[in-house]
Structures are given as C-alpha cells and as structure tokens.
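Here's coords.pdb, which has PDB, C-alpha atoms:
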ATOM      1  CA  MET A   1     -48.825 135.128 181.294
ATOM      2  CA  SER A   2     -45.596 137.088 181.745
ATOM      3  CA  GLU A   3     -46.149 138.537 178.276
ATOM      4  CA  LEU A   4     -49.629 139.681 179.293
ATOM      5  CA  ARG A   5     -48.210 141.446 182.365
ATOM      6  CA  ARG A   6     -45.793 143.310 180.088
ATOM      7  CA  MET A   7     -48.532 144.314 177.643
ATOM      8  CA  VAL A   8     -51.019 145.523 180.272
ATOM      9  CA  SER A   9     -50.059 148.449 182.480
ATOM     10  CA  SER A  10     -52.204 147.123 185.356
ATOM     11  CA  SER A  11     -54.973 144.591 185.842
ATOM     12  CA  ASN A  12     -57.172 147.397 187.129
ATOM     13  CA  ALA A  13     -56.898 149.074 183.722
ATOM     14  CA  LEU A  14     -58.691 146.094 182.174
ATOM     15  CA  PHE A  15     -61.583 146.383 184.634
ATOM     16  CA  VAL A  16     -61.906 150.122 183.968
ATOM     17  CA  PHE A  17     -61.684 149.591 180.200
ATOM     18  CA  GLU A  18     -64.314 146.840 180.239
ATOM     19  CA  ALA A  19     -66.747 148.928 182.317
ATOM     20  CA  ALA A  20     -66.338 151.998 180.083
ATOM     21  CA  ALA A  21     -66.661 149.997 176.872
ATOM     22  CA  ARG A  22     -69.698 148.064 178.082
ATOM     23  CA  SER A  23     -71.540 151.090 179.422
ATOM     24  CA  GLY A  24     -70.438 153.483 176.659
ATOM     25  CA  SER A  25     -69.720 156.177 179.217
ATOM     26  CA  PHE A  26     -66.802 157.155 181.452
ATOM     27  CA  THR A  27     -69.303 158.601 183.913
ATOM     28  CA  ARG A  28     -71.356 155.398 184.203
ATOM     29  CA  ALA A  29     -68.152 153.363 184.483
ATOM     30  CA  ALA A  30     -67.023 155.607 187.337
ATOM     31  CA  GLU A  31     -70.347 155.142 189.134
ATOM     32  CA  GLU A  32     -70.128 151.363 188.713
ATOM     33  CA  LEU A  33     -66.544 151.246 189.995
ATOM     34  CA  ASN A  34     -67.205 153.762 192.768
ATOM     35  CA  VAL A  35     -64.508 156.190 191.619
ATOM     36  CA  THR A  36     -64.599 159.632 190.026
ATOM     37  CA  GLN A  37     -65.013 160.269 186.321
ATOM     38  CA  PRO A  38     -61.601 162.034 186.070
ATOM     39  CA  ALA A  39     -59.980 158.946 187.663
ATOM     40  CA  VAL A  40     -61.492 156.740 184.955
ATOM     41  CA  SER A  41     -60.346 159.136 182.249
ATOM     42  CA  ARG A  42     -56.784 159.247 183.627
ATOM     43  CA  MET A  43     -56.591 155.463 183.950
ATOM     44  CA  LEU A  44     -57.738 154.934 180.367
ATOM     45  CA  SER A  45     -55.400 157.632 179.028
ATOM     46  CA  ARG A  46     -52.446 155.903 180.733
ATOM     47  CA  PHE A  47     -53.627 152.561 179.363
ATOM     48  CA  GLU A  48     -53.819 153.956 175.819
ATOM     49  CA  SER A  49     -50.380 155.547 176.211
ATOM     50  CA  HIS A  50     -48.955 152.236 177.415
ATOM     51  CA  LEU A  51     -50.464 150.390 174.440
ATOM     52  CA  GLY A  52     -49.531 153.107 171.968
ATOM     53  CA  LEU A  53     -53.008 153.325 170.439
ATOM     54  CA  ARG A  54     -56.398 154.920 171.015
ATOM     55  CA  LEU A  55     -59.185 152.780 172.407
ATOM     56  CA  PHE A  56     -61.935 155.419 172.555
ATOM     57  CA  GLU A  57     -63.129 158.285 170.395
ATOM     58  CA  ARG A  58     -63.680 161.087 172.865
ATOM     59  CA  GLY A  59     -66.569 163.405 172.114
ATOM     60  CA  GLY A  60     -70.064 164.449 172.962
ATOM     61  CA  ARG A  61     -71.506 161.056 171.954
ATOM     62  CA  GLY A  62     -69.999 159.241 174.931
ATOM     63  CA  ALA A  63     -67.228 156.661 175.039
ATOM     64  CA  ILE A  64     -67.173 155.307 171.475
ATOM     65  CA  LEU A  65     -64.740 152.467 170.820
ATOM     66  CA  THR A  66     -62.214 152.721 168.012
ATOM     67  CA  PRO A  67     -61.767 149.638 165.784
ATOM     68  CA  GLU A  68     -58.811 148.642 167.951
ATOM     69  CA  GLY A  69     -60.923 149.170 171.042
ATOM     70  CA  GLU A  70     -63.677 146.965 169.617
ATOM     71  CA  VAL A  71     -61.224 144.108 169.078
ATOM     72  CA  LEU A  72     -59.797 144.408 172.594
ATOM     73  CA  TYR A  73     -63.231 144.705 174.198
ATOM     74  CA  ARG A  74     -64.486 141.473 172.599
ATOM     75  CA  ARG A  75     -61.476 139.582 173.913
ATOM     76  CA  VAL A  76     -61.573 141.145 177.382
ATOM     77  CA  ALA A  77     -65.328 140.534 177.721
ATOM     78  CA  ASP A  78     -64.896 136.875 176.693
ATOM     79  CA  GLY A  79     -62.065 136.487 179.178
ATOM     80  CA  PHE A  80     -64.042 138.041 182.017
ATOM     81  CA  ARG A  81     -67.018 135.772 181.291
ATOM     82  CA  SER A  82     -64.746 132.731 181.343
ATOM     83  CA  ILE A  83     -63.178 133.800 184.646
ATOM     84  CA  GLU A  84     -66.621 134.448 186.120
ATOM     85  CA  ALA A  85     -67.787 130.988 185.048
ATOM     86  CA  GLY A  86     -64.695 129.447 186.630
ATOM     87  CA  LEU A  87     -65.302 131.264 189.902
ATOM     88  CA  ARG A  88     -68.910 130.070 189.954
ATOM     89  CA  GLU A  89     -67.740 126.495 189.444
ATOM     90  CA  VAL A  90     -65.265 126.868 192.310
ATOM     91  CA  GLU A  91     -68.064 128.157 194.545
ATOM     92  CA  GLN A  92     -70.224 125.189 193.582
ATOM     93  CA  LEU A  93     -67.421 122.763 194.347
ATOM     94  CA  ARG A  94     -66.994 124.410 197.716
ATOM     95  CA  GLY A  95     -70.701 123.807 198.288
ATOM     96  CA  GLY A  96     -70.389 120.158 197.319
ATOM     97  CA  LYS A  97     -71.677 120.628 193.749
ATOM     98  CA  GLU A  98     -69.920 119.799 190.495
ATOM     99  CA  THR A  99     -70.925 121.463 187.243
ATOM    100  CA  VAL A 100     -70.965 119.263 184.138
ATOM    101  CA  THR A 101     -71.563 120.831 180.727
ATOM    102  CA  ILE A 102     -72.808 118.593 177.942
ATOM    103  CA  SER A 103     -73.102 119.338 174.232
ATOM    104  CA  VAL A 104     -76.196 117.624 172.831
ATOM    105  CA  SER A 105     -78.999 118.270 170.382
ATOM    106  CA  SER A 106     -82.102 120.154 171.399
ATOM    107  CA  ALA A 107     -84.088 117.095 170.264
ATOM    108  CA  PHE A 108     -82.162 114.659 172.487
ATOM    109  CA  THR A 109     -82.521 117.017 175.437
ATOM    110  CA  THR A 110     -86.245 117.596 174.909
ATOM    111  CA  HIS A 111     -87.411 114.103 174.037
ATOM    112  CA  TRP A 112     -84.917 111.779 175.736
ATOM    113  CA  LEU A 113     -83.205 113.481 178.647
ATOM    114  CA  MET A 114     -85.985 115.695 180.045
ATOM    115  CA  PRO A 115     -88.415 112.804 180.632
ATOM    116  CA  ARG A 116     -85.839 111.151 182.905
ATOM    117  CA  MET A 117     -84.321 114.270 184.496
ATOM    118  CA  ASP A 118     -85.738 113.338 187.903
ATOM    119  CA  HIS A 119     -83.983 109.972 187.552
ATOM    120  CA  PHE A 120     -80.754 111.769 186.635
ATOM    121  CA  GLN A 121     -80.985 114.068 189.640
ATOM    122  CA  ARG A 122     -81.528 111.173 191.992
ATOM    123  CA  ARG A 123     -78.569 109.344 190.460
ATOM    124  CA  PHE A 124     -76.308 112.420 190.491
ATOM    125  CA  PRO A 125     -77.530 114.642 193.341
ATOM    126  CA  SER A 126     -74.274 116.634 193.535
ATOM    127  CA  VAL A 127     -74.178 117.541 189.813
ATOM    128  CA  ASP A 128     -75.392 120.789 188.271
ATOM    129  CA  LEU A 129     -76.027 120.035 184.600
ATOM    130  CA  ARG A 130     -75.516 122.686 181.928
ATOM    131  CA  PHE A 131     -76.312 122.361 178.242
ATOM    132  CA  GLN A 132     -74.634 123.514 175.055
ATOM    133  CA  MET A 133     -77.603 123.083 172.738
ATOM    134  CA  ILE A 134     -77.264 122.176 169.051
ATOM    135  CA  ALA A 135     -80.369 122.563 166.890
ATOM    136  CA  GLY A 136     -78.931 120.880 163.787
ATOM    137  CA  SER A 137     -76.736 117.878 163.113
ATOM    138  CA  LEU A 138     -74.345 116.710 165.804
ATOM    139  CA  ARG A 139     -71.039 117.456 164.155
ATOM    140  CA  GLY A 140     -67.818 119.230 165.039
ATOM    141  CA  PRO A 141     -65.261 119.004 167.837
ATOM    142  CA  VAL A 142     -66.094 118.699 171.508
ATOM    143  CA  ASP A 143     -64.519 121.817 173.021
ATOM    144  CA  ASN A 144     -65.217 123.870 176.146
ATOM    145  CA  VAL A 145     -67.628 121.234 177.475
ATOM    146  CA  ASP A 146     -67.230 118.088 179.548
ATOM    147  CA  LEU A 147     -69.164 115.666 177.349
ATOM    148  CA  GLY A 148     -70.503 115.871 173.801
ATOM    149  CA  MET A 149     -72.800 113.617 171.781
ATOM    150  CA  ARG A 150     -71.675 113.327 168.168
ATOM    151  CA  PHE A 151     -72.365 111.131 165.130
ATOM    152  CA  LEU A 152     -69.153 109.841 163.542
ATOM    153  CA  ASP A 153     -68.759 108.047 160.231
ATOM    154  CA  GLY A 154     -68.449 104.295 160.589
ATOM    155  CA  ASP A 155     -64.799 104.272 159.486
ATOM    156  CA  GLU A 156     -63.741 106.799 162.130
ATOM    157  CA  ALA A 157     -61.964 105.381 165.157
ATOM    158  CA  VAL A 158     -64.160 105.398 168.255
ATOM    159  CA  PRO A 159     -62.817 104.720 171.763
ATOM    160  CA  ALA A 160     -64.676 101.752 173.201
ATOM    161  CA  GLU A 161     -65.829 103.733 176.222
ATOM    162  CA  ALA A 162     -67.275 106.480 173.984
ATOM    163  CA  MET A 163     -69.451 104.222 171.831
ATOM    164  CA  VAL A 164     -73.171 104.555 172.555
ATOM    165  CA  VAL A 165     -75.147 102.976 169.710
ATOM    166  CA  ARG A 166     -75.136 102.547 165.956
ATOM    167  CA  GLU A 167     -77.226 104.980 163.952
ATOM    168  CA  VAL A 168     -80.682 103.478 163.431
ATOM    169  CA  MET A 169     -83.793 105.226 162.091
ATOM    170  CA  LEU A 170     -87.389 104.198 161.466
ATOM    171  CA  PRO A 171     -90.633 105.903 160.439
ATOM    172  CA  ILE A 172     -92.676 106.868 163.489
ATOM    173  CA  CYS A 173     -96.064 108.440 164.155
ATOM    174  CA  SER A 174     -98.593 108.747 166.938
ATOM    175  CA  PRO A 175    -100.915 105.797 167.625
ATOM    176  CA  GLY A 176    -103.889 107.924 166.615
ATOM    177  CA  TYR A 177    -102.311 108.843 163.292
ATOM    178  CA  ARG A 178    -101.418 105.235 162.528
ATOM    179  CA  GLN A 179    -105.018 104.194 163.084
ATOM    180  CA  ALA A 180    -106.440 106.227 160.196
ATOM    181  CA  GLU A 181    -109.927 107.655 160.430
ATOM    182  CA  PRO A 182    -112.391 105.733 158.207
ATOM    183  CA  GLU A 183    -113.091 108.868 156.166
ATOM    184  CA  ALA A 184    -109.377 109.157 155.362
ATOM    185  CA  GLU A 185    -109.542 105.821 153.591
ATOM    186  CA  VAL A 186    -112.747 106.729 151.771
ATOM    187  CA  THR A 187    -111.588 110.156 150.604
ATOM    188  CA  GLY A 188    -108.110 108.981 149.648
ATOM    189  CA  GLU A 189    -106.370 111.232 152.119
ATOM    190  CA  GLY A 190    -102.611 110.735 151.936
ATOM    191  CA  ASN A 191     -99.841 110.807 154.513
ATOM    192  CA  THR A 192     -98.168 113.941 155.772
ATOM    193  CA  ILE A 193     -94.396 113.478 155.827
ATOM    194  CA  ILE A 194     -92.578 115.493 158.495
ATOM    195  CA  ASN A 195     -89.050 116.362 157.364
ATOM    196  CA  LEU A 196     -85.887 117.770 158.887
ATOM    197  CA  THR A 197     -84.638 120.354 156.421
ATOM    198  CA  ASP A 198     -80.926 119.464 156.580
ATOM    199  CA  SER A 199     -81.440 115.688 156.152
ATOM    200  CA  ALA A 200     -82.354 113.564 153.136
ATOM    201  CA  LEU A 201     -85.863 114.580 152.100
ATOM    202  CA  ASP A 202     -86.522 111.438 150.031
ATOM    203  CA  TRP A 203     -86.397 108.995 152.947
ATOM    204  CA  ALA A 204     -90.153 108.335 152.835
ATOM    205  CA  GLU A 205     -89.950 107.092 149.255
ATOM    206  CA  ARG A 206     -88.056 104.017 150.474
ATOM    207  CA  TYR A 207     -90.843 102.941 152.849
ATOM    208  CA  PRO A 208     -94.376 103.098 151.419
ATOM    209  CA  PRO A 209     -96.862 101.886 152.006
ATOM    210  CA  PHE A 210     -96.803 103.050 155.614
ATOM    211  CA  ALA A 211     -98.975 101.212 158.110
ATOM    212  CA  THR A 212    -101.374 104.130 158.394
ATOM    213  CA  GLY A 213    -104.221 103.267 156.051
ATOM    214  CA  ARG A 214    -103.625 106.432 154.013
ATOM    215  CA  SER A 215    -102.953 106.166 150.293
ATOM    216  CA  GLY A 216    -103.665 109.536 148.695
ATOM    217  CA  PRO A 217    -101.330 112.354 147.587
ATOM    218  CA  VAL A 218     -98.490 113.012 150.017
ATOM    219  CA  LYS A 219     -98.135 116.315 151.856
ATOM    220  CA  THR A 220     -95.024 117.549 153.669
ATOM    221  CA  LEU A 221     -94.046 119.593 156.698
ATOM    222  CA  SER A 222     -90.407 120.691 157.080
ATOM    223  CA  PHE A 223     -88.664 122.035 160.164
ATOM    224  CA  SER A 224     -85.066 123.079 160.803
ATOM    225  CA  ASP A 225     -85.089 121.802 164.413
ATOM    226  CA  TYR A 226     -85.444 118.055 164.926
ATOM    227  CA  ALA A 227     -87.067 118.615 168.320
ATOM    228  CA  VAL A 228     -90.012 120.196 166.464
ATOM    229  CA  VAL A 229     -90.096 117.326 163.957
ATOM    230  CA  VAL A 230     -90.582 114.833 166.771
ATOM    231  CA  GLN A 231     -93.083 117.078 168.549
ATOM    232  CA  ALA A 232     -95.167 117.274 165.374
ATOM    233  CA  ALA A 233     -95.212 113.469 165.182
ATOM    234  CA  LEU A 234     -96.249 113.239 168.834
ATOM    235  CA  LEU A 235     -99.140 115.591 168.097
ATOM    236  CA  GLY A 236    -100.385 113.347 165.324
ATOM    237  CA  GLN A 237     -99.405 115.599 162.438
ATOM    238  CA  GLY A 238     -97.853 112.895 160.261
ATOM    239  CA  VAL A 239     -95.014 110.404 159.821
ATOM    240  CA  ALA A 240     -91.448 111.409 160.752
ATOM    241  CA  PHE A 241     -88.070 109.744 160.392
ATOM    242  CA  GLY A 242     -87.167 108.753 163.946
ATOM    243  CA  TRP A 243     -83.560 108.567 165.112
ATOM    244  CA  ILE A 244     -83.627 105.966 167.867
ATOM    245  CA  THR A 245     -81.390 108.094 170.112
ATOM    246  CA  VAL A 246     -84.174 110.693 170.277
ATOM    247  CA  VAL A 247     -87.446 108.765 169.970
ATOM    248  CA  SER A 248     -86.699 105.690 172.107
ATOM    249  CA  HIS A 249     -88.468 107.079 175.172
ATOM    250  CA  ALA A 250     -91.632 107.857 173.202
ATOM    251  CA  LEU A 251     -91.555 104.434 171.516
ATOM    252  CA  ARG A 252     -91.171 102.654 174.840
ATOM    253  CA  SER A 253     -93.990 104.646 176.450
ATOM    254  CA  GLY A 254     -96.293 104.166 173.459
ATOM    255  CA  ALA A 255     -96.544 107.883 172.696
ATOM    256  CA  LEU A 256     -95.060 106.999 169.290
ATOM    257  CA  VAL A 257     -95.338 103.769 167.298
ATOM    258  CA  PRO A 258     -93.518 102.423 164.249
ATOM    259  CA  ALA A 259     -95.168 103.426 160.984
ATOM    260  CA  SER A 260     -93.394 100.563 159.211
ATOM    261  CA  ASP A 261     -91.973  97.173 160.128
ATOM    262  CA  ARG A 262     -88.596  98.044 158.590
ATOM    263  CA  LEU A 263     -85.600  99.907 160.018
ATOM    264  CA  THR A 264     -82.870 101.900 158.319
ATOM    265  CA  ARG A 265     -79.355 101.415 159.636
ATOM    266  CA  GLY A 266     -77.167 104.426 158.980
ATOM    267  CA  GLU A 267     -73.473 104.628 158.278
ATOM    268  CA  ARG A 268     -72.587 106.426 161.487
ATOM    269  CA  ASN A 269     -72.081 105.706 165.175
ATOM    270  CA  CYS A 270     -73.510 107.757 168.017
ATOM    271  CA  VAL A 271     -70.743 108.473 170.534
ATOM    272  CA  LEU A 272     -70.208 110.459 173.718
ATOM    273  CA  LEU A 273     -66.851 112.215 173.505
ATOM    274  CA  THR A 274     -64.786 114.127 176.033
ATOM    275  CA  PRO A 275     -62.333 116.918 175.146
ATOM    276  CA  ARG A 276     -58.969 115.746 173.907
ATOM    277  CA  ASN A 277     -57.035 118.304 175.928
ATOM    278  CA  ARG A 278     -58.074 117.001 179.355
ATOM    279  CA  PRO A 279     -59.108 113.696 180.888
ATOM    280  CA  PRO A 280     -62.731 113.299 182.000
ATOM    281  CA  SER A 281     -63.506 113.543 185.677
ATOM    282  CA  PRO A 282     -64.937 110.482 187.432
ATOM    283  CA  VAL A 283     -68.462 111.935 187.456
ATOM    284  CA  VAL A 284     -68.297 112.712 183.721
ATOM    285  CA  ARG A 285     -67.380 109.084 183.046
ATOM    286  CA  GLU A 286     -70.285 107.981 185.239
ATOM    287  CA  ILE A 287     -72.733 110.229 183.373
ATOM    288  CA  ARG A 288     -71.466 108.907 180.027
ATOM    289  CA  ASP A 289     -71.938 105.320 181.196
ATOM    290  CA  TRP A 290     -75.378 106.138 182.641
ATOM    291  CA  ILE A 291     -76.645 107.581 179.336
ATOM    292  CA  GLY A 292     -75.392 104.545 177.432
ATOM    293  CA  ALA A 293     -76.941 102.104 179.891
ATOM    294  CA  GLU A 294     -80.282 103.928 179.993
ATOM    295  CA  LEU A 295     -80.506 104.003 176.213
ATOM    296  CA  LYS A 296     -79.594 100.331 175.907
ATOM    297  CA  ALA A 297     -82.231  99.305 178.439
ATOM    298  CA  GLU A 298     -84.821 101.338 176.559
ATOM    299  CA  ILE A 299     -83.895  99.801 173.199
ATOM    300  CA  GLU A 300     -84.173  96.310 174.699
ATOM    301  CA  ALA A 301     -87.639  97.183 176.014
ATOM    302  CA  ILE A 302     -88.724  98.438 172.563
ATOM    303  CA  ASP A 303     -87.306  95.261 171.031
ATOM    304  CA  ALA A 304     -89.602  93.258 173.293
ATOM    305  CA  LEU A 305     -92.601  95.435 172.337
ATOM    306  CA  HIS A 306     -91.893  95.259 168.591
ATOM    307  CA  PRO A 307     -89.824  92.092 168.057
ATOM    308  CA  GLY A 308     -90.355  92.135 164.298
ATOM    309  CA  LEU A 309     -88.205  95.253 163.938
ATOM    310  CA  GLY A 310     -84.946  93.616 165.042
ATOM    311  CA  LEU A 311     -84.029  96.853 166.805
ATOM    312  CA  ARG A 312     -81.520  95.503 169.312
ATOM    313  CA  GLN A 313     -79.567  93.652 166.644
ATOM    314  CA  ALA A 314     -79.510  96.725 164.409
ATOM    315  CA  CYS A 315     -78.274  98.961 167.236
ATOM    316  CA  TYR A 316     -75.677  96.699 168.796
ATOM    317  CA  GLY A 317     -75.168  93.674 166.552
TER     318      GLY A 317
END

Write out the structure in this file as structure tokens.
Amino acid sequence: MSELRRMVSSSNALFVFEAAARSGSFTRAAEELNVTQPAVSRMLSRFESHLGLRLFERGGRGAILTPEGEVLYRRVADGFRSIEAGLREVEQLRGGKETVTISVSSAFTTHWLMPRMDHFQRRFPSVDLRFQMIAGSLRGPVDNVDLGMRFLDGDEAVPAEAMVVREVMLPICSPGYRQAEPEAEVTGEGNTIINLTDSALDWAERYPPFATGRSGPVKTLSFSDYAVVVQAALLGQGVAFGWITVVSHALRSGALVPASDRLTRGERNCVLLTPRNRPPSPVVREIRDWIGAELKAEIEAIDALHPGLGLRQACYG
C-alpha cells in the first residue's frame, strides 16, 4: 500500500481519472464530480506529470484514452467495483445481513436450488445469496466466492467436510414421454436423445433399449447449457443424461422418471469447496452442510421410490 501511495499523486486523482475515462469527457466528469472542467483538466495533467506518461489523447473527439490509459482504467475500474462491493457488504452486515456468494452451475441453480429457495430463506433469514453462474462444466479454482461446487477426479484429495456425493448419472425423461403414444410404436418412431455439447455424446449407446416403447431411428437435440438439457426433458422432448445433483428434485417430485433401470457411476466426486486463502465463516459452513443434507435426503427418497436403481449405494457406498 505504501508503494501505491508513492505511485499515485493523490487518491482524488484516481476518482477524477475514472470519471473522465468512463464518461469520455472532461466536461461530463466535471459535472459528475461537481467541479469545473479546468479543475479536472489540471488534476489530470498533474497526474500524468507525476506518472511520467500520457493517459488521454486531447482533441476535438473528447477524452480518448491512450493505450497506457486503457490499461490503468481497467485496473482502476475493477478496484472501484471491488471496493463498492465491500462497502455494500459492510452495510448489509450493519443491517444484520450477511452476503454469501456461491459458484454453481446454472443447471443446479435452476433445477435444484430454486425449487427450495423458500426453504433456504427460512433456514437462513439473515443471508443474502449471490450467484457466480457457470453454464458449462464445474471446473477450476474457487476464487472470489465463499462456496463453490466442483467435480473433482476420484484420485484428488477431498476434505471430508467438502464431500457432497459421488458422481452418478442415469437416463431420465418425463412420465409422458416414457409412456409412448400407441402410434409411436406402430410407426416405429424412435427416441430423441438430448445431449450436452461438451459431454460424451455416445452415452445413449450404452443404454438401449430405453423404457419408452420407442424403437425407430434416433434423433438428437444438443444444447451448450445443461439447464436447457434438463428443461427439454421436463417438457417431454426426449431422453437426457441426468446428473443426480441436478435432477434429484424432479425425480423425487415425479416430474422426471428413470428411462432405464441402470445407473452410471462416474469417476468424479461432487464437492463444495471454500477458498484456500481464507477460512469459511460459520454461516458458509452451515450452508455447505445444509446443501449436502438436503441432497442426501432427496436421494434416499428417490431410492425408496425406485429401489431397483440402487441409487443410495451408488452415491454414498
């Protein structure tokens, strides 16, 4: 921080620079900051002199950033956003609220968490939940959030408290799709396979015949967002590969049903990780435990509905 104080002539110079760069005009920056345009110009000239470089191209086109100015503006804008977020969190704490940011897939959020959000809010009334949404596979480090769902290879070390469930998948479809229309059997209409584009596209070949009464040529639908894959299955558009961490709520409620009596157990573990650079707060630990407990209770209920699957053993055995 002492190095930053040496490099920056004054903290006010950063506010003036950010306003001018964002608005593209010394005049608009002056109006925003409630000072005169010459005062903005003088402040930025002193700032440039202190840095020993030009931040703006002066001219009739307004305040145009130089390449050096572009680099500095990106960093300053990111820093200001981070400070603003921190101040909001402090205000929420003062009001008795705690903000928790979780990094999860759009599919998990849409199809597992949203149906029980009222339950979550009753359980954690003082928590404001924020989401870092991931449309694709749950990979990568857990940074700048409080809790992140990830799938780790089976040989990777997993803290006991972070373990949620083993990776288990099964073909799923809507009840209406599973009970094929009589004309589908007569005309030889085949199944529609709903795929996720960044996963193995041959998964359906390991399962036929599906319990759908369809036996004709196979058709496919492919989507890049798994939330849409599951939504298509819910709407009766075909058979999808269901990750239990996403489709358990729909299976328990009966909105989806197994399209086969066989599971696939993956090589990975679903975990809920916290950042390595700071310990989790008590409420983050409670939320992690709540998600794990809710999912386990749901899997046990599905196991009772469909005992032939052996779901509980596959997930936890």

Query raised in the report: How would you write, as JSON, numbers by chain, the residues chosen by the PyMOL selection byres ((chain A and resi 163) around 12) on this structure?
Result: {"A": [148, 149, 150, 151, 152, 154, 156, 157, 158, 159, 160, 161, 162, 164, 165, 166, 167, 268, 269, 270, 271, 272, 273, 274, 288, 289, 291, 292, 293, 295, 296, 315, 316]}

Query raised in the report: Which of these, A:Leu113, A:Ile299, A:Val40, A:Leu170, has the shortest distance to Ser248 of chain A once you count all atoms listed in the file?
Result: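 Between A:Leu113, A:Ile299, A:Val40, A:Leu170, the residue approaching Ser248 of chain A most closely is A:Ile299.
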
Requested in this report: Figure out the distance between atom CA of Gln121 of chain A and atom CA of Val168 of chain A, please, to one decimal in Å.
Outcome: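 Computing it gives 28.3 Å between the two atoms.
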
Query - Distance in Å - atom CA of Trp203 of chain A versus atom CA of Val142 of chain A - result: 29.2 Å

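Nearest residue to Arg278 of chain A, choosing from A:Thr245, A:Thr192, A:Thr66, A:Asn144 and counting all atoms listed in the file: A:Asn144.
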
Requested in this report: Select, from A:Leu147, A:Cys173, A:Leu221, A:Leu234, the residue with the minimum atom-to-atom distance to Glu286 of chain A, counting only C-alpha atoms.
Outcome: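 Closest to Glu286 of chain A of all the choices is A:Leu147.
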
Query raised in the report: When distances are computed from only C-alpha atoms, which of A:Val246, A:Met7, A:Ile102, A:Ala21 shows the smallest separation from Val229 of chain A?
Result: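 Of A:Val246, A:Met7, A:Ile102, A:Ala21, the one nearest Val229 of chain A is A:Val246, counting only C-alpha atoms.
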
Query raised in the report: What separation in Å, quoted to one decimal, exists between atom CA of Trp112 of chain A and atom CA of Leu201 of chain A?
Result: 23.8 Å

Requested in this report: Please identify all polymer residues within 10 Å of segment 9-18 of chain A, counting all atoms listed in the file, omitting same-chain residues fewer than 3 positions from it, and present them as number ranges by chain.
Outcome: A: 4-6, 21-24, 26, 29-30, 32-33, 39-41, 43-51, 55-56, 69, 72-74, 76-77, 80
